Every structure is written in C-alpha cells, then in structure tokens.
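File shown: entry_36.txt. Contents: compact mmCIF, C-alpha atoms and all ligand atoms.
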```txt
# COMPACT_ATOMS: atom_id res chain seq x y z
CA MET Z 348 97.45 118.74 84.47
CA THR Z 349 100.10 118.15 87.13
CA VAL Z 350 99.14 116.66 90.49
CA LEU Z 351 101.39 116.36 93.51
CA GLY Z 352 100.26 113.58 95.87
CA ILE Z 353 101.36 113.72 99.49
CA HIS Z 354 101.03 111.17 102.27
CA HIS Z 355 102.08 112.11 105.81
CA GLY Z 356 101.97 109.18 108.19
CA HIS Z 357 103.67 105.81 108.29
CA ASP Z 358 105.54 105.38 105.00
CA SER Z 359 105.37 109.13 104.31
CA SER Z 360 105.74 109.72 100.60
CA ALA Z 361 105.11 111.95 97.60
CA ALA Z 362 104.38 111.49 93.90
CA ILE Z 363 103.86 113.62 90.83
CA VAL Z 364 101.43 112.62 88.11
CA LYS Z 365 101.21 114.62 84.89
CA ASP Z 366 98.30 113.96 82.54
CA GLY Z 367 97.84 110.49 84.04
CA VAL Z 368 101.52 109.52 83.87
CA ILE Z 369 103.57 109.03 87.05
CA LEU Z 370 106.70 111.18 86.68
CA ALA Z 371 108.14 110.56 90.11
CA ASP Z 372 107.22 108.78 93.33
CA VAL Z 373 109.29 108.08 96.40
CA GLN Z 374 109.02 107.30 100.11
CA GLU Z 375 110.70 109.54 102.64
CA GLU Z 376 112.54 106.53 104.12
CA ARG Z 377 114.81 106.59 101.04
CA PHE Z 378 116.19 109.92 102.25
CA SER Z 379 115.83 109.66 106.03
CA ARG Z 380 117.03 106.04 106.13
CA VAL Z 381 114.35 105.35 108.75
CA LYS Z 382 112.32 102.36 107.61
CA HIS Z 383 108.58 103.14 107.36
CA GLY Z 384 109.46 106.69 108.45
CA ALA Z 385 106.48 108.92 109.32
CA SER Z 386 108.18 112.31 109.17
CA LEU Z 387 106.99 115.04 106.84
CA PRO Z 388 107.90 113.96 103.30
CA LEU Z 389 109.76 117.19 102.52
CA LYS Z 390 112.68 115.57 100.75
CA SER Z 391 110.29 113.41 98.75
CA ILE Z 392 108.40 116.51 97.61
CA ALA Z 393 111.65 118.25 96.64
CA TYR Z 394 112.73 115.16 94.71
CA CYS Z 395 109.40 114.88 92.87
CA LEU Z 396 109.33 118.57 91.93
CA LYS Z 397 112.88 118.31 90.58
CA GLU Z 398 112.14 115.12 88.63
CA ALA Z 399 109.09 116.81 87.07
CA GLY Z 400 111.15 119.87 86.14
CA LEU Z 401 109.18 122.20 88.43
CA ASN Z 402 110.73 125.01 90.44
CA SER Z 403 108.03 125.61 93.02
CA ILE Z 404 105.12 123.92 94.76
CA ASN Z 405 102.95 126.61 93.14
CA ASP Z 406 103.78 125.22 89.70
CA VAL Z 407 101.58 122.14 90.26
CA ASP Z 408 97.89 122.32 89.39
CA TYR Z 409 96.65 120.29 92.37
CA ILE Z 410 98.06 119.11 95.66
CA SER Z 411 96.30 115.95 96.74
CA PHE Z 412 96.51 114.74 100.34
CA SER Z 413 95.84 111.12 101.27
CA ASN Z 414 93.64 111.92 104.27
CA GLN Z 415 90.53 113.96 104.93
CA SER Z 416 92.25 116.17 107.45
CA ASN Z 417 95.80 117.42 107.50
CA THR Z 418 98.29 117.16 110.33
CA GLU Z 419 99.35 120.36 112.03
CA GLU Z 420 102.80 120.03 110.46
CA ILE Z 421 101.25 119.86 106.98
CA GLU Z 422 99.12 122.91 107.71
CA SER Z 423 102.19 124.84 108.85
CA VAL Z 424 104.45 123.82 105.98
CA PHE Z 425 101.89 124.57 103.28
CA GLY Z 426 100.38 127.62 104.96
CA LEU Z 427 96.96 125.95 105.27
CA LYS Z 428 94.76 126.68 108.18
CA SER Z 429 91.74 124.51 108.77
CA GLU Z 430 88.62 125.38 110.76
CA SER Z 431 90.33 124.11 113.88
CA GLY Z 432 92.74 127.02 113.31
CA GLY Z 433 89.80 129.44 113.52
CA LEU Z 434 88.49 127.68 116.59
CA LYS Z 435 91.92 127.90 118.19
CA LYS Z 436 91.95 131.63 117.46
CA THR Z 437 88.60 132.07 119.24
CA ILE Z 438 89.70 130.00 122.26
CA LYS Z 439 92.92 132.01 122.35
CA LYS Z 440 90.98 135.27 122.35
CA VAL Z 441 88.68 134.12 125.17
CA LEU Z 442 91.60 132.85 127.28
CA HIS Z 443 93.48 136.07 126.61
CA THR Z 444 90.51 138.09 127.90
CA ILE Z 445 90.22 135.97 131.04
CA MET Z 446 93.92 135.66 131.83
CA ARG Z 447 94.91 139.11 130.55
CA LYS Z 448 98.14 137.81 129.06
CA GLU Z 449 99.42 136.24 125.85
CA VAL Z 450 98.23 132.65 125.32
CA TYR Z 451 100.02 130.16 123.10
CA LEU Z 452 97.93 127.35 121.68
CA SER Z 453 100.11 125.03 119.68
CA ASN Z 454 101.18 127.73 117.28
CA MET Z 455 103.66 125.66 115.37
CA LYS Z 456 106.65 127.56 114.02
CA LEU Z 457 108.82 125.75 111.55
CA PRO Z 458 112.60 125.53 111.78
CA ILE Z 459 114.38 128.00 109.50
CA TYR Z 460 115.90 125.24 107.38
CA TYR Z 461 112.46 124.08 106.16
CA PRO Z 462 111.83 124.75 102.47
CA ASP Z 463 109.21 127.27 101.37
CA TYR Z 464 106.15 125.24 100.44
CA ILE Z 465 103.56 127.93 101.16
CA VAL Z 466 100.70 127.40 98.74
CA ARG Z 467 99.42 130.65 97.24
CA ASP Z 468 96.12 129.31 95.90
CA LYS Z 469 94.75 127.12 98.70
CA SER Z 470 91.76 126.02 96.62
CA LYS Z 471 94.05 123.69 94.69
CA CYS Z 472 94.69 121.60 97.81
CA ILE Z 473 92.42 118.58 97.96
CA ASN Z 474 91.89 116.24 100.89
CA ASN Z 475 90.81 112.76 99.86
CA HIS Z 476 89.32 110.03 102.01
CA HIS Z 477 92.19 107.74 102.94
CA HIS Z 478 90.52 104.67 101.48
CA LEU Z 479 89.64 106.49 98.27
CA SER Z 480 93.35 107.27 97.94
CA HIS Z 481 94.13 103.56 98.30
CA ALA Z 482 91.36 102.65 95.84
CA ALA Z 483 92.56 105.21 93.28
CA SER Z 484 96.16 104.03 93.49
CA ALA Z 485 95.04 100.50 92.58
CA TYR Z 486 92.32 101.42 90.09
CA PHE Z 487 94.17 103.99 88.00
CA THR Z 488 97.30 101.86 87.67
CA ARG Z 489 95.49 98.69 86.52
CA ARG Z 490 95.92 97.31 83.03
CA SER Z 491 92.28 96.51 82.28
CA ALA Z 492 89.77 99.22 81.34
CA GLU Z 493 86.77 97.13 82.45
CA LYS Z 494 84.34 98.10 85.19
CA CYS Z 495 85.53 96.48 88.39
CA LEU Z 496 85.12 96.02 92.13
CA ILE Z 497 87.80 97.51 94.35
CA PHE Z 498 88.52 96.37 97.90
CA THR Z 499 90.57 98.50 100.27
CA ILE Z 500 91.66 96.70 103.40
CA ASP Z 501 93.65 98.79 105.82
CA GLY Z 502 94.44 98.92 109.54
CA ALA Z 503 92.35 102.07 109.75
CA GLY Z 504 92.24 105.34 107.83
CA ASP Z 505 89.71 108.19 108.10
CA LYS Z 506 87.67 105.84 110.32
CA PHE Z 507 87.33 103.12 107.67
CA CYS Z 508 89.19 99.84 107.93
CA THR Z 509 87.75 98.21 104.84
CA ALA Z 510 85.72 99.52 101.94
CA ILE Z 511 84.17 98.18 98.75
CA TRP Z 512 84.05 100.42 95.71
CA THR Z 513 83.08 100.17 92.07
CA GLY Z 514 85.35 101.64 89.46
CA GLU Z 515 84.10 102.60 86.02
CA GLY Z 516 85.70 104.99 83.57
CA SER Z 517 87.17 107.79 85.61
CA LYS Z 518 84.77 107.30 88.53
CA ILE Z 519 85.17 105.38 91.78
CA GLU Z 520 82.05 105.02 93.91
CA LEU Z 521 81.76 103.79 97.45
CA GLN Z 522 79.42 100.82 97.90
CA LYS Z 523 80.08 99.72 101.45
CA SER Z 524 82.40 100.56 104.29
CA TYR Z 525 83.34 99.14 107.66
CA TYR Z 526 84.74 100.85 110.73
CA ARG Z 527 87.71 99.93 112.85
CA ASP Z 528 85.82 97.32 114.87
CA ALA Z 529 85.73 95.27 111.66
CA SER Z 530 89.40 95.67 110.91
CA ILE Z 531 91.16 92.53 109.74
CA GLY Z 532 94.28 94.63 109.11
CA TRP Z 533 94.29 95.91 112.67
CA ALA Z 534 93.87 92.38 114.03
CA TYR Z 535 96.80 91.25 111.90
CA SER Z 536 98.92 94.08 113.32
CA ILE Z 537 97.91 93.21 116.88
CA VAL Z 538 99.04 89.62 116.33
CA THR Z 539 102.29 91.05 114.97
CA GLU Z 540 102.71 93.13 118.12
CA ALA Z 541 101.90 90.14 120.30
CA LEU Z 542 104.77 88.38 118.54
CA HIS Z 543 106.95 91.31 119.73
CA TRP Z 544 107.39 92.92 116.38
CA ILE Z 545 106.33 96.40 115.44
CA HIS Z 546 102.89 97.45 114.26
CA GLY Z 547 103.21 98.91 110.77
CA ASP Z 548 106.60 97.29 110.28
CA GLY Z 549 106.69 93.63 111.29
CA GLU Z 550 103.59 92.40 109.43
CA GLY Z 551 105.80 91.22 106.59
CA LYS Z 552 107.63 88.98 109.06
CA THR Z 553 104.34 87.51 110.30
CA MET Z 554 103.38 86.81 106.71
CA GLY Z 555 106.84 85.44 105.87
CA LEU Z 556 106.89 83.06 108.83
CA ALA Z 557 103.43 81.61 108.24
CA PRO Z 558 104.60 78.95 105.75
CA TYR Z 559 106.95 77.52 108.42
CA GLY Z 560 104.17 77.08 111.00
CA ASP Z 561 102.24 73.98 111.98
CA PRO Z 562 98.51 74.77 111.41
CA ALA Z 563 97.48 72.32 114.17
CA LYS Z 564 99.48 74.00 116.97
CA CYS Z 565 97.45 77.20 117.46
CA SER Z 566 94.31 76.17 115.64
CA ASP Z 567 91.30 78.44 116.40
CA GLU Z 568 93.28 80.23 119.13
CA LEU Z 569 92.83 83.66 117.53
CA ASP Z 570 89.21 83.30 116.37
CA LYS Z 571 87.73 85.24 119.28
CA TYR Z 572 89.83 88.31 118.48
CA PHE Z 573 88.90 88.59 114.82
CA PRO Z 574 85.74 90.24 113.45
CA VAL Z 575 83.10 87.84 112.14
CA PHE Z 576 81.15 88.55 108.96
CA LYS Z 577 78.05 86.93 107.57
CA GLY Z 578 78.02 87.70 103.88
CA ASP Z 579 78.95 91.37 103.79
CA GLU Z 580 77.51 92.12 107.27
CA LEU Z 581 79.65 92.46 110.35
CA VAL Z 582 77.97 90.20 112.92
CA ARG Z 583 80.63 90.34 115.63
CA PRO Z 584 83.07 93.24 115.99
CA SER Z 585 86.67 92.45 116.81
CA SER Z 586 87.81 92.71 120.38
CA LEU Z 587 91.41 93.79 120.40
CA GLY Z 588 91.81 96.22 123.27
CA GLN Z 589 94.47 98.87 123.19
CA ASP Z 590 97.27 98.61 120.66
CA TYR Z 591 100.84 98.73 121.88
CA TYR Z 592 104.20 99.19 120.29
CA TRP Z 593 106.84 96.61 121.09
CA ASN Z 594 110.51 96.48 120.37
CA GLU Z 595 111.73 94.16 117.75
CA GLY Z 596 112.64 90.75 119.12
CA GLY Z 597 113.82 87.39 117.91
CA SER Z 598 111.61 84.65 116.62
CA TYR Z 599 111.05 81.04 117.55
CA GLN Z 600 108.64 78.25 116.66
CA PHE Z 601 105.72 79.88 118.53
CA HIS Z 602 105.98 82.79 116.10
CA PHE Z 603 105.76 80.52 113.10
CA ASP Z 604 102.70 78.74 114.48
CA GLU Z 605 100.83 81.95 115.36
CA ALA Z 606 101.84 83.39 112.02
CA LYS Z 607 100.39 80.36 110.29
CA GLU Z 608 97.11 80.72 112.21
CA VAL Z 609 96.69 84.45 111.51
CA GLU Z 610 97.46 83.85 107.84
CA LYS Z 611 94.73 81.20 107.71
CA LEU Z 612 92.17 83.55 109.27
CA VAL Z 613 93.02 86.46 107.02
CA GLU Z 614 92.82 84.35 103.90
FE FE F 1 96.36 103.20 104.59
```
Kindly return the structure encoded in the file as structure tokens.
Ligand SMILES: [Fe+2]
Amino acid sequence: MTVLGIHHGHDSSAAIVKDGVILADVQEERFSRVKHGASLPLKSIAYCLKEAGLNSINDVDYISFSNQSNTEEIESVFGLKSESGGLKKTIKKVLHTIMRKEVYLSNMKLPIYYPDYIVRDKSKCINNHHHLSHAASAYFTRRSAEKCLIFTIDGAGDKFCTAIWTGEGSKIELQKSYYRDASIGWAYSIVTEALHWIHGDGEGKTMGLAPYGDPAKCSDELDKYFPVFKGDELVRPSSLGQDYYWNEGGSYQFHFDEAKEVEKLVE
C-alpha cells in the first residue's frame, strides 16, 4: 500500500510511505529556498512521486493530509470540493438571483504551469487531525514495539495545542486534549516574537540562547503569561493576546536572559 502524506502550512512538505517504509520525504523549502516556506508543496510531491517510481498522483493508494480541513489551494489543485464548496454554490445562486448578474465567490483558478494533480477517486483522500498526524509520525517511527504514551505539544493545530495519546499495535487513541488557551508552544512563540524574532522560525534561537542567560535576571517575569496546570487539569488559561509577526533583529543580553526564563518554564 502506497501513501502520499501532504502538509500545507508552515514547513510545507510531502512524503511517500510504501508498506510502512518511507521511500521519500522532503520539505518544500529545499526547492523554494524559503526557510519554513508555507507554499503548496507541489515540488515536494513531484519529487516524492518520482523517488517512488510513480507517474501520477492517481498511482498512490491513499493521500493523507495533515489537517482536518484542506486549504482552498489544496482543494483546487487536487480537484476536491468540500461542503463549503456546496455552500458557496448556494450563496452564489442566491446572490445571482438578487443581483441578476454573475457573482464570483473565491473561485480559485490555478496558473497554467501548475501540474495536474486532480484526484480521480476522491474517497482515497484522508484528512487527519493535525495532532494525530504528529502522534503518528513519532509513534510509527519509534524503535520499540511496546505500548506507550504519546505527547503532542504544538502551537495549535485543528484547535488542539497539546494532546495525550496511547499507542498500541497499530492503534493510537486520544486520552486527553487541550485547546489553544493551554498552549505552551504558543507561549514560547510569543516570547520569541517579543524578542523580535519570527513566530514559527526563531524559536530555535530562543532555545539556543537560553544556556547563555542568567536565570536570576528575569526570574518569574513570564509566569503570568503561561498556562498553569494542576496535575493534568488546566487551572489557569494562558493570557497572550494577539500574536504578531516581527522582523528578524539582532540579539543582546536581554534576549539570553528571557530565553533562559522561557526555557525554565517550558521544561
Ligand atoms: Fe503542528
């Protein structure tokens, strides 16, 4: 069985797994040269198909998406139309009746240079919960065959920020989940933005600078922004406000100290 995995979002990527063996996997940034690129992973898909010796997207048995709902670009490229497409059609019809002229509602047309990835049998397209995708990528590539607990800790994906799963045999089951107001990952990214680096890009710098910081300098300064848990219960949601995207800037000692503090809290 051949499965093509597709992620469209930050770090867009594709992979092909055949009978449990990864034949190819690549991030779109390798082709676009845009770090953490979020464009459609078209070149990644082409690369994976070629590496697996397949001529067409219709030669794979399943296409597995890493989110519960697809972006409009994905729907256009693969010829998938979700219920929102039907709803759009109805709205279009109503507006057309009222306005008595043609109405265009985000009817995305692809550029002519896009490859043909129209899926003939749409039933082979599967949308997975984003955190289940993360859990599966860790669970099915582990060395041990023992039953285990799986933690997925994300900024946010399909409304979850963190989830706890059990993995046994070929099954992964959800035990507990938390929403974005409990997101440690999001809080970490906000600190990264506050340090004038980029959300989804600069977190590695925050992590890398932490060892150079003085833990006494910013001690407890960030506590009020982070979610508080008692056991596995969220007792105080995080209060982070709106997220912003800053340009990359230089670093100085303040960065190291904040980085040290956020590292302490996350650990
Ligand atoms: Fe994620």
Step by step, gather every atom of stretch 375-382 of chain Z that the file lists, find the box along x, y and z that holds them, add 3 Å on each side, and finally give centre and edge lengths in Å to one decimal, as AutoDock Vina command-line options.
```
--center_x 113.9 --center_y 106.1 --center_z 104.9 --size_x 12.3 --size_y 13.6 --size_z 13.7
```
**Request:** Just give me the gap between atom CA of Z:Gly555 and atom CA of Z:Gly532 in Å, one decimal is fine.
**Result:** 15.9 Å
**Request:** Tell me which of Z:Ile404, Z:Ile497, Z:Ala503, Z:Ile369 sits closest to ligand FE 1 (chain F), counting only C-alpha atoms and all ligand atoms.
**Result:** Z:Ala503
**Asked** How far is it from atom CA of Z:Cys565 to atom CA of Z:Lys607, in Å with one decimal?
**Response** 8.4 Å
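Selection of all polymer residues within 10 Å of ligand FE 1 (chain F) on the basis of all atoms listed in the file gives His354, Gly356, His357, Asp358, Ser413, Asn414, His477, His478, Leu479, Ser480, His481, Thr499, Ile500, Asp501, Gly502, Ala503, Gly504, Asp505, Phe507, Cys508, Thr509 and Gly532 of chain Z.
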**Message:** I'd like the interatomic distance between atom CA of Z:Val575 and atom CA of Z:Gly560, to a tenth of an Å.
**Reply:**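 Those two atoms sit 23.7 Å apart.
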**Request:** Show which residues sit within 7 Å of Z:Ser359, as a PyMOL selection string. Count only C-alpha atoms, and ignore same-chain residues fewer than 2 positions away.
**Result:** chain Z and resi 354-357+374-375+384-388
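Here the question is which of Z:Ser391, Z:Ser585, Z:Asn402, Z:Ser517 gets nearest to Z:Ala534 using only C-alpha atoms, and that residue is Z:Ser585.
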**Request:** For Z:Ala371, list every protein, DNA or RNA residue within 10 Å, evaluated using all atoms listed in the file, and leave out those in the same chain fewer than 5 positions away; present the list as an MDAnalysis selection string.
**Result:** chainID Z and resid 351 361:365 391:392 394:399
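With all atoms listed in the file as the basis for measurement, Z:Tyr486 is the residue among Z:Met554, Z:Thr539, Z:Phe498, Z:Tyr486 that approaches Z:Gly514 most closely.
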**Asked** Using only C-alpha atoms, which of Z:Ala485, Z:Ala606, Z:Glu550, Z:Asn417 sits nearest Z:Thr513?
**Response**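 Ranking Z:Ala485, Z:Ala606, Z:Glu550, Z:Asn417 by distance to Z:Thr513, first place goes to Z:Ala485.
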**Message:** Counting only C-alpha atoms, which residue out of Z:Ala483, Z:Ala557, Z:Ala492, Z:Leu542 sits closest to Z:Leu521?
**Reply:** Z:Ala483
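Shortest separation to Z:Glu610 among Z:Thr437, Z:Thr553, Z:Ser491, Z:Ser484 occurs at residue Z:Thr553, atoms counted being all atoms listed in the file.
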**Request:** Determine, counting all atoms listed in the file, which protein, DNA and RNA residues have an atom within 9 Å of an atom of Z:Leu612; residues of the same chain fewer than 4 positions away are not included. Present the result as a PyMOL selection string.
**Result:** chain Z and resi 567+569-570+573+607-608
**Message:** For stretch 578-582 of chain Z, find every residue with an atom within 12 Å (counting all atoms listed in the file), except residues of its own chain fewer than 2 positions away, and show them as number ranges by chain.
**Reply:** Z: 509-511, 522-531, 573-576, 584-585
